[in-house]
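Participant: One structure coming up, written as structure tokens, with questions to follow.
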Amino acid sequence: MVVGAIKTLIIGASGMLGSDLCKVFPDAVKLTHRELDVTNREQVIESVPKIKPDVVINAAAYTNVDGCEDYQELAFQVNGYGPGYIAEACSKIGATLVHFSTDYIFDGSRTEYVESDTPSPINVYGRSKLLGEQEIAEKLDDYRIIRISWLFGAHGKNFVDTMLKLSGEMAEVKVVNDQFGKPTYTVDLANKVMDIIELEPGIYHMTNEGVCSWYEFASAFIDNAVPCTSEEFPRKAKRPKYSVLVNTKTEPMRHWEEALKDYLKERNV
Ligand SMILES: NC(=O)c1ccc[n+]([C@@H]2O[C@H](COP(=O)([O-])OP(=O)(O)OC[C@H]3O[C@@H](n4cnc5c(N)ncnc54)[C@H](OP(=O)(O)O)[C@@H]3O)[C@@H](O)[C@H]2O)c1
């Protein structure tokens, strides 16, 4: 399929991943939160079919992992039921839905997870994102759910920018060294979406290659990171110890260290 030959709709277009998707699909119809609220079923069911897309890419989500603990209802509406409404709209018009889920649907008791492993989330964000997966699978056949992890990109709040800022402000930056995952560049992900659309419906894991702890990740670009434990850095939401997604279905993406170099260049760091 050629990008220009299909009509694409991007929902959540101004988020970190959404912004890079807009660059990869320049001709797509792009809707921000202000223009389409995914929690409004009526609005979704009416407005998506009017656009007549062949492919809908949903990058909208409530991604504040600690905030989800405080605003559970909002988390389940945006991350759980909202994707279900989009799936219903896609089903009406025979459109393909591409949706993003997360490593946090797993509990982290194992060191890595393939696409067919059974989810068991340990926080509200993870539970709400799992509900989104289930709602989509119940309402639509033609979906691609792409599970991703530890995103960094130019158009949103992310770990790399936070660490760079703190590193300039403090003598030492404490960073947890007992949670492991795969950092992933939004530009690399956005560039892979077209490949996934051409594959069979189902669940895909897509991340940059390479596993590290948050401390190891930070140490790749700041020189005053100091390792600490999760107990020393308590957060409202529990995080899985290992949230390592293994991609068994598509060509591996490049290593996160290579992707990070490009990101730092993009940010002029
Ligand atoms: N960031 C990560 O590390 C990470 C890791 C794993 C998976 N993911 C998944 O990857 C996807 C993209 O994440 P991201 O980091 O790009 O998120 P993001 O930067 O937080 O962007 C999310 C977008 O969704 C919009 N949004 C929020 N509530 C909405 C609603 N009710 N209706 C319509 N739009 C709404 C937000 O708009 P406002 O800001 O205006 O509210 C924002 O533009 C999400 O599905 C997320 O769960 C992210």
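Please note that chains go A, B, ... in the order of the structure tokens, that every chain numbers its residues from 1, and that ligands are numbered from 1 in the order shown.
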For ligand 1, return the neighbouring residues as a VMD selection string (distance at most 7 Å; only C-alpha atoms and all ligand atoms).

Facilitator: chain A and resid 11 to 18 32 to 34 36 to 39 59 to 63 78 99 to 103 129 147 to 152 156 to 158

Participant: Go ahead and save the residues from that selection, with C-alpha atoms, as a PDB file, in the first residue's frame.

Facilitator:
ATOM      1  CA  ILE A  11      -6.617  11.002  16.469  1.00  0.00           C
ATOM      2  CA  GLY A  12      -4.629  12.566  19.326  1.00  0.00           C
ATOM      3  CA  ALA A  13      -2.572  14.353  16.672  1.00  0.00           C
ATOM      4  CA  SER A  14      -0.794  16.841  18.935  1.00  0.00           C
ATOM      5  CA  GLY A  15       0.701  14.343  21.405  1.00  0.00           C
ATOM      6  CA  MET A  16       4.327  13.179  21.433  1.00  0.00           C
ATOM      7  CA  LEU A  17       3.782  10.207  19.101  1.00  0.00           C
ATOM      8  CA  GLY A  18       0.843  11.840  17.320  1.00  0.00           C
ATOM      9  CA  THR A  32      -6.449  17.028  18.301  1.00  0.00           C
ATOM     10  CA  HIS A  33      -8.115  16.545  21.681  1.00  0.00           C
ATOM     11  CA  ARG A  34      -9.918  19.878  21.204  1.00  0.00           C
ATOM     12  CA  LEU A  36     -12.344  15.160  18.926  1.00  0.00           C
ATOM     13  CA  ASP A  37     -12.804  13.883  22.471  1.00  0.00           C
ATOM     14  CA  VAL A  38     -12.502  10.093  22.356  1.00  0.00           C
ATOM     15  CA  THR A  39     -14.580   9.758  25.523  1.00  0.00           C
ATOM     16  CA  ALA A  59      -2.507   8.202  19.382  1.00  0.00           C
ATOM     17  CA  ALA A  60      -4.822   9.721  22.019  1.00  0.00           C
ATOM     18  CA  ALA A  61      -4.390   8.577  25.599  1.00  0.00           C
ATOM     19  CA  TYR A  62      -4.215   9.706  29.211  1.00  0.00           C
ATOM     20  CA  THR A  63      -0.533   8.900  29.755  1.00  0.00           C
ATOM     21  CA  VAL A  78      -9.795   7.765  27.659  1.00  0.00           C
ATOM     22  CA  HIS A  99      -3.922   1.702  18.242  1.00  0.00           C
ATOM     23  CA  PHE A 100      -1.028   1.952  20.711  1.00  0.00           C
ATOM     24  CA  SER A 101      -0.816   0.039  23.962  1.00  0.00           C
ATOM     25  CA  THR A 102       1.908  -0.323  26.536  1.00  0.00           C
ATOM     26  CA  ASP A 103       4.477  -2.536  28.252  1.00  0.00           C
ATOM     27  CA  LYS A 129      -4.827   0.390  28.552  1.00  0.00           C
ATOM     28  CA  ARG A 147       2.470  -2.235  22.251  1.00  0.00           C
ATOM     29  CA  ILE A 148       5.331   0.180  22.812  1.00  0.00           C
ATOM     30  CA  SER A 149       7.483   1.334  25.729  1.00  0.00           C
ATOM     31  CA  TRP A 150       9.539   4.147  27.302  1.00  0.00           C
ATOM     32  CA  LEU A 151       8.903   6.723  24.551  1.00  0.00           C
ATOM     33  CA  PHE A 152      11.078   9.741  23.856  1.00  0.00           C
ATOM     34  CA  GLY A 156       6.063  15.842  24.602  1.00  0.00           C
ATOM     35  CA  LYS A 157       7.189  15.511  28.178  1.00  0.00           C
ATOM     36  CA  ASN A 158       9.709  12.671  28.277  1.00  0.00           C
TER      37      ASN A 158
END

Participant: Find the residues near Pro26 in chain A: any atom within 12 Å, counting only C-alpha atoms, skip ones fewer than 6 places away on the same chain, and give them as a count of residues only.

Facilitator: 12

Participant: As a PyMOL selection string, please: the residues near Val65 in chain A (cut-off 9 Å, only C-alpha atoms, same-chain neighbours under 6 positions excluded).

Facilitator: chain A and resi 123-126+236-237

Participant: Please, which residues of range 123-234 of chain A, numbered as in this document, come out alpha helix (DSSP H) from DSSP, as an MDAnalysis selection string?

Facilitator: chainID A and resid 124:139 159:169 186:197 214:219

Participant: Quick one: everything within 10 Å of Thr118 in chain A, counting only C-alpha atoms, minus sequence neighbours fewer than 6 positions away in the same chain. Send it as a CSV table (one decimal) with N, CA and C atoms, in the first residue's frame.

Facilitator:
chain,number,residue,atom,x,y,z
A,105,ILE,N,1.0,-3.2,30.6
A,105,ILE,CA,-0.1,-4.2,30.8
A,105,ILE,C,0.5,-5.5,31.4
A,106,PHE,N,1.8,-5.6,31.5
A,106,PHE,CA,2.4,-6.7,32.1
A,106,PHE,C,2.9,-6.4,33.5
A,107,ASP,N,3.0,-7.4,34.4
A,107,ASP,CA,3.3,-7.2,35.8
A,107,ASP,C,4.8,-7.1,36.1

Participant: For Ile136 in chain A, which of A:Cys22, A:Val98, A:Ala220, A:Val187 is the closest residue, counting only C-alpha atoms?

Facilitator: A:Val98

Participant: Excluding Asp141 in chain A and its own-chain neighbours fewer than 3 positions away, which residues fall within 10 Å of it when counting only C-alpha atoms? Please give them as a PyMOL selection string.

Facilitator: chain A and resi 87+90-91+94-97+136-138+144+201-202

Participant: Please produce a file of those selected residues containing C-alpha atoms, as an mmCIF file, in the first residue's frame.

Facilitator:
data_model
loop_
_atom_site.group_PDB
_atom_site.id
_atom_site.type_symbol
_atom_site.label_atom_id
_atom_site.label_comp_id
_atom_site.auth_asym_id
_atom_site.auth_seq_id
_atom_site.Cartn_x
_atom_site.Cartn_y
_atom_site.Cartn_z
ATOM 1 C CA ALA A 87 -13.340 0.613 16.998
ATOM 2 C CA CYS A 90 -14.163 1.801 12.209
ATOM 3 C CA SER A 91 -16.370 -1.275 12.097
ATOM 4 C CA GLY A 94 -14.730 -0.983 7.219
ATOM 5 C CA ALA A 95 -11.679 1.020 8.299
ATOM 6 C CA THR A 96 -8.486 -0.417 9.783
ATOM 7 C CA LEU A 97 -7.663 0.773 13.303
ATOM 8 C CA ILE A 136 -11.096 -2.984 20.382
ATOM 9 C CA ALA A 137 -10.795 -6.753 19.963
ATOM 10 C CA GLU A 138 -14.460 -7.150 20.924
ATOM 11 C CA ARG A 144 -3.404 -3.511 14.776
ATOM 12 C CA PRO A 201 -4.636 -7.924 12.121
ATOM 13 C CA GLY A 202 -3.496 -8.542 15.691
#

Participant: With only C-alpha atoms as the atoms that count, which of A:Asn224, A:Ser120, A:Ile196, A:His155 lies nearest to Ala171 in chain A?

Facilitator: A:Asn224

Participant: Check the smallest atom-to-atom distance from each of A:Leu245, A:Leu21, A:Ala5, A:Ile146 to Glu112 in chain A using only C-alpha atoms, then report the winner.

Facilitator: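 The closest residue to Glu112 in chain A is A:Leu245.
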
Participant: Looking at only C-alpha atoms, which of A:Val211, A:Met194, A:Val56, A:Met163 is the one that sits closest to Gln179 in chain A?

Facilitator: A:Val211

Participant: Could you give me, as a PDB file with N, CA and C atoms, in the first residue's frame, each residue of range 61-267 of chain A that DSSP assigns to strand (DSSP E) when run on this structure's backbone?

Facilitator:
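To be explicit, this is the file written out as selection_33.pdb:
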ATOM      1  N   THR A  96      -9.488   0.251   8.935  1.00  0.00           N
ATOM      2  CA  THR A  96      -8.486  -0.417   9.783  1.00  0.00           C
ATOM      3  C   THR A  96      -8.163   0.510  10.949  1.00  0.00           C
ATOM      4  N   LEU A  97      -8.057  -0.050  12.145  1.00  0.00           N
ATOM      5  CA  LEU A  97      -7.663   0.773  13.303  1.00  0.00           C
ATOM      6  C   LEU A  97      -6.255   0.386  13.768  1.00  0.00           C
ATOM      7  N   VAL A  98      -5.405   1.406  13.879  1.00  0.00           N
ATOM      8  CA  VAL A  98      -4.083   1.218  14.483  1.00  0.00           C
ATOM      9  C   VAL A  98      -4.132   1.911  15.839  1.00  0.00           C
ATOM     10  N   HIS A  99      -3.822   1.167  16.883  1.00  0.00           N
ATOM     11  CA  HIS A  99      -3.922   1.702  18.242  1.00  0.00           C
ATOM     12  C   HIS A  99      -2.638   1.348  19.003  1.00  0.00           C
ATOM     13  N   PHE A 100      -2.257   2.199  19.957  1.00  0.00           N
ATOM     14  CA  PHE A 100      -1.028   1.952  20.711  1.00  0.00           C
ATOM     15  C   PHE A 100      -1.341   1.534  22.140  1.00  0.00           C
ATOM     16  N   SER A 101      -0.692   0.464  22.573  1.00  0.00           N
ATOM     17  CA  SER A 101      -0.816   0.039  23.962  1.00  0.00           C
ATOM     18  C   SER A 101       0.586   0.046  24.586  1.00  0.00           C
ATOM     19  N   THR A 102       0.723  -0.575  25.718  1.00  0.00           N
ATOM     20  CA  THR A 102       1.908  -0.323  26.536  1.00  0.00           C
ATOM     21  C   THR A 102       2.507  -1.587  27.165  1.00  0.00           C
ATOM     22  N   TYR A 143      -7.889  -4.738  13.249  1.00  0.00           N
ATOM     23  CA  TYR A 143      -7.119  -3.809  14.092  1.00  0.00           C
ATOM     24  C   TYR A 143      -5.660  -4.233  14.166  1.00  0.00           C
ATOM     25  N   ARG A 144      -4.805  -3.246  14.419  1.00  0.00           N
ATOM     26  CA  ARG A 144      -3.404  -3.511  14.776  1.00  0.00           C
ATOM     27  C   ARG A 144      -3.196  -2.812  16.119  1.00  0.00           C
ATOM     28  N   ILE A 145      -2.962  -3.580  17.168  1.00  0.00           N
ATOM     29  CA  ILE A 145      -2.613  -2.987  18.461  1.00  0.00           C
ATOM     30  C   ILE A 145      -1.100  -3.083  18.582  1.00  0.00           C
ATOM     31  N   ILE A 146      -0.457  -1.929  18.698  1.00  0.00           N
ATOM     32  CA  ILE A 146       1.009  -1.915  18.753  1.00  0.00           C
ATOM     33  C   ILE A 146       1.427  -1.550  20.176  1.00  0.00           C
ATOM     34  N   ARG A 147       2.002  -2.519  20.887  1.00  0.00           N
ATOM     35  CA  ARG A 147       2.470  -2.235  22.251  1.00  0.00           C
ATOM     36  C   ARG A 147       3.873  -1.652  22.176  1.00  0.00           C
ATOM     37  N   ILE A 148       4.069  -0.556  22.897  1.00  0.00           N
ATOM     38  CA  ILE A 148       5.331   0.180  22.812  1.00  0.00           C
ATOM     39  C   ILE A 148       5.787   0.536  24.228  1.00  0.00           C
ATOM     40  N   LEU A 151       8.770   5.835  25.720  1.00  0.00           N
ATOM     41  CA  LEU A 151       8.903   6.723  24.551  1.00  0.00           C
ATOM     42  C   LEU A 151       9.717   7.981  24.837  1.00  0.00           C
ATOM     43  N   PHE A 152      10.520   8.389  23.857  1.00  0.00           N
ATOM     44  CA  PHE A 152      11.078   9.741  23.856  1.00  0.00           C
ATOM     45  C   PHE A 152      10.902  10.330  22.466  1.00  0.00           C
ATOM     46  N   VAL A 173      21.909  13.459  40.057  1.00  0.00           N
ATOM     47  CA  VAL A 173      20.506  13.127  39.763  1.00  0.00           C
ATOM     48  C   VAL A 173      20.294  11.654  40.088  1.00  0.00           C
ATOM     49  N   LYS A 174      19.446  11.385  41.091  1.00  0.00           N
ATOM     50  CA  LYS A 174      19.157   9.984  41.454  1.00  0.00           C
ATOM     51  C   LYS A 174      18.213   9.371  40.430  1.00  0.00           C
ATOM     52  N   VAL A 175      18.569   8.184  39.928  1.00  0.00           N
ATOM     53  CA  VAL A 175      17.728   7.536  38.916  1.00  0.00           C
ATOM     54  C   VAL A 175      17.601   6.053  39.257  1.00  0.00           C
ATOM     55  N   VAL A 176      16.382   5.527  39.149  1.00  0.00           N
ATOM     56  CA  VAL A 176      16.152   4.143  39.576  1.00  0.00           C
ATOM     57  C   VAL A 176      16.891   3.144  38.671  1.00  0.00           C
ATOM     58  N   PHE A 180      13.566  -2.214  34.398  1.00  0.00           N
ATOM     59  CA  PHE A 180      14.227  -2.413  33.101  1.00  0.00           C
ATOM     60  C   PHE A 180      13.218  -2.373  31.955  1.00  0.00           C
ATOM     61  N   GLY A 181      13.625  -1.763  30.861  1.00  0.00           N
ATOM     62  CA  GLY A 181      12.732  -1.676  29.705  1.00  0.00           C
ATOM     63  C   GLY A 181      13.502  -1.351  28.439  1.00  0.00           C
ATOM     64  N   THR A 184      12.350   3.891  23.430  1.00  0.00           N
ATOM     65  CA  THR A 184      11.915   3.872  22.018  1.00  0.00           C
ATOM     66  C   THR A 184      11.644   5.294  21.514  1.00  0.00           C
ATOM     67  N   TYR A 185      12.199   5.568  20.338  1.00  0.00           N
ATOM     68  CA  TYR A 185      12.120   6.899  19.720  1.00  0.00           C
ATOM     69  C   TYR A 185      10.829   6.990  18.907  1.00  0.00           C
ATOM     70  N   GLY A 202      -3.974  -7.913  14.465  1.00  0.00           N
ATOM     71  CA  GLY A 202      -3.496  -8.542  15.691  1.00  0.00           C
ATOM     72  C   GLY A 202      -2.668  -7.600  16.549  1.00  0.00           C
ATOM     73  N   ILE A 203      -1.946  -8.217  17.473  1.00  0.00           N
ATOM     74  CA  ILE A 203      -1.138  -7.467  18.440  1.00  0.00           C
ATOM     75  C   ILE A 203       0.329  -7.548  18.038  1.00  0.00           C
ATOM     76  N   TYR A 204       0.998  -6.406  18.078  1.00  0.00           N
ATOM     77  CA  TYR A 204       2.425  -6.341  17.728  1.00  0.00           C
ATOM     78  C   TYR A 204       3.194  -5.672  18.866  1.00  0.00           C
ATOM     79  N   HIS A 205       4.426  -6.128  19.105  1.00  0.00           N
ATOM     80  CA  HIS A 205       5.334  -5.418  20.006  1.00  0.00           C
ATOM     81  C   HIS A 205       6.351  -4.681  19.142  1.00  0.00           C
ATOM     82  N   CYS A 212      17.638  -1.751  29.135  1.00  0.00           N
ATOM     83  CA  CYS A 212      18.447  -1.029  30.137  1.00  0.00           C
ATOM     84  C   CYS A 212      17.561  -0.643  31.311  1.00  0.00           C
ATOM     85  N   SER A 213      18.204  -0.204  32.396  1.00  0.00           N
ATOM     86  CA  SER A 213      17.452   0.381  33.511  1.00  0.00           C
ATOM     87  C   SER A 213      17.323   1.882  33.231  1.00  0.00           C
ATOM     88  N   ALA A 225      24.387  11.141  36.778  1.00  0.00           N
ATOM     89  CA  ALA A 225      23.326  10.241  37.265  1.00  0.00           C
ATOM     90  C   ALA A 225      23.894   9.341  38.359  1.00  0.00           C
ATOM     91  N   VAL A 226      23.074   9.102  39.394  1.00  0.00           N
ATOM     92  CA  VAL A 226      23.486   8.237  40.505  1.00  0.00           C
ATOM     93  C   VAL A 226      22.403   7.168  40.672  1.00  0.00           C
ATOM     94  N   PRO A 227      22.794   5.874  40.735  1.00  0.00           N
ATOM     95  CA  PRO A 227      21.753   4.835  40.809  1.00  0.00           C
ATOM     96  C   PRO A 227      21.034   4.826  42.157  1.00  0.00           C
ATOM     97  N   CYS A 228      19.726   4.539  42.137  1.00  0.00           N
ATOM     98  CA  CYS A 228      18.990   4.348  43.392  1.00  0.00           C
ATOM     99  C   CYS A 228      17.940   3.248  43.174  1.00  0.00           C
ATOM    100  N   TYR A 242      10.344  -5.469  35.291  1.00  0.00           N
ATOM    101  CA  TYR A 242      10.776  -5.685  33.901  1.00  0.00           C
ATOM    102  C   TYR A 242       9.588  -5.418  32.997  1.00  0.00           C
ATOM    103  N   SER A 243       9.751  -4.499  32.081  1.00  0.00           N
ATOM    104  CA  SER A 243       8.662  -4.345  31.104  1.00  0.00           C
ATOM    105  C   SER A 243       9.313  -4.384  29.730  1.00  0.00           C
TER     106      SER A 243
END

Participant: Can you work out which one of A:Ile86, A:Asp54, A:Pro240, A:Ser128 has the shortest atom-to-atom distance to Leu74 in chain A, counting only C-alpha atoms?

Facilitator: A:Ser128

Participant: Looking at only C-alpha atoms, which of A:Asn177, A:Gln72, A:Thr207, A:Gln43 is the one that sits closest to Leu189 in chain A?

Facilitator: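 Closest candidate: A:Thr207.
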
Participant: For CA of Arg127 in chain A and CA of Leu199 in chain A, determine how far apart the two atoms are, in Å to one decimal place.

Facilitator: 26.7 Å

Participant: Got a sec: who's within 10 Å of Arg267 in chain A, counting only C-alpha atoms, leaving out chain neighbours fewer than 3 positions off, as a PDB file with C-alpha atoms, in the first residue's frame?

Facilitator:
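Output (result.pdb):
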ATOM      1  CA  GLY A 153      10.340  12.292  21.183  1.00  0.00           C
ATOM      2  CA  ALA A 154      10.470  15.998  20.475  1.00  0.00           C
ATOM      3  CA  ASP A 161      14.293  16.022  28.505  1.00  0.00           C
ATOM      4  CA  LYS A 261      21.884  10.041  19.078  1.00  0.00           C
ATOM      5  CA  ASP A 262      19.378  11.198  16.448  1.00  0.00           C
ATOM      6  CA  TYR A 263      17.024  12.525  19.104  1.00  0.00           C
ATOM      7  CA  LEU A 264      19.785  14.541  20.792  1.00  0.00           C
TER       8      LEU A 264
END

Participant: If you count only C-alpha atoms, which residues fall within 9 Å of Pro49 in chain A, apart from same-chain ones fewer than 4 positions away, as a list in words?

Facilitator: Val44, Ile45, Pro53, Ala89, Cys90, Lys92 and Ile93 of chain A
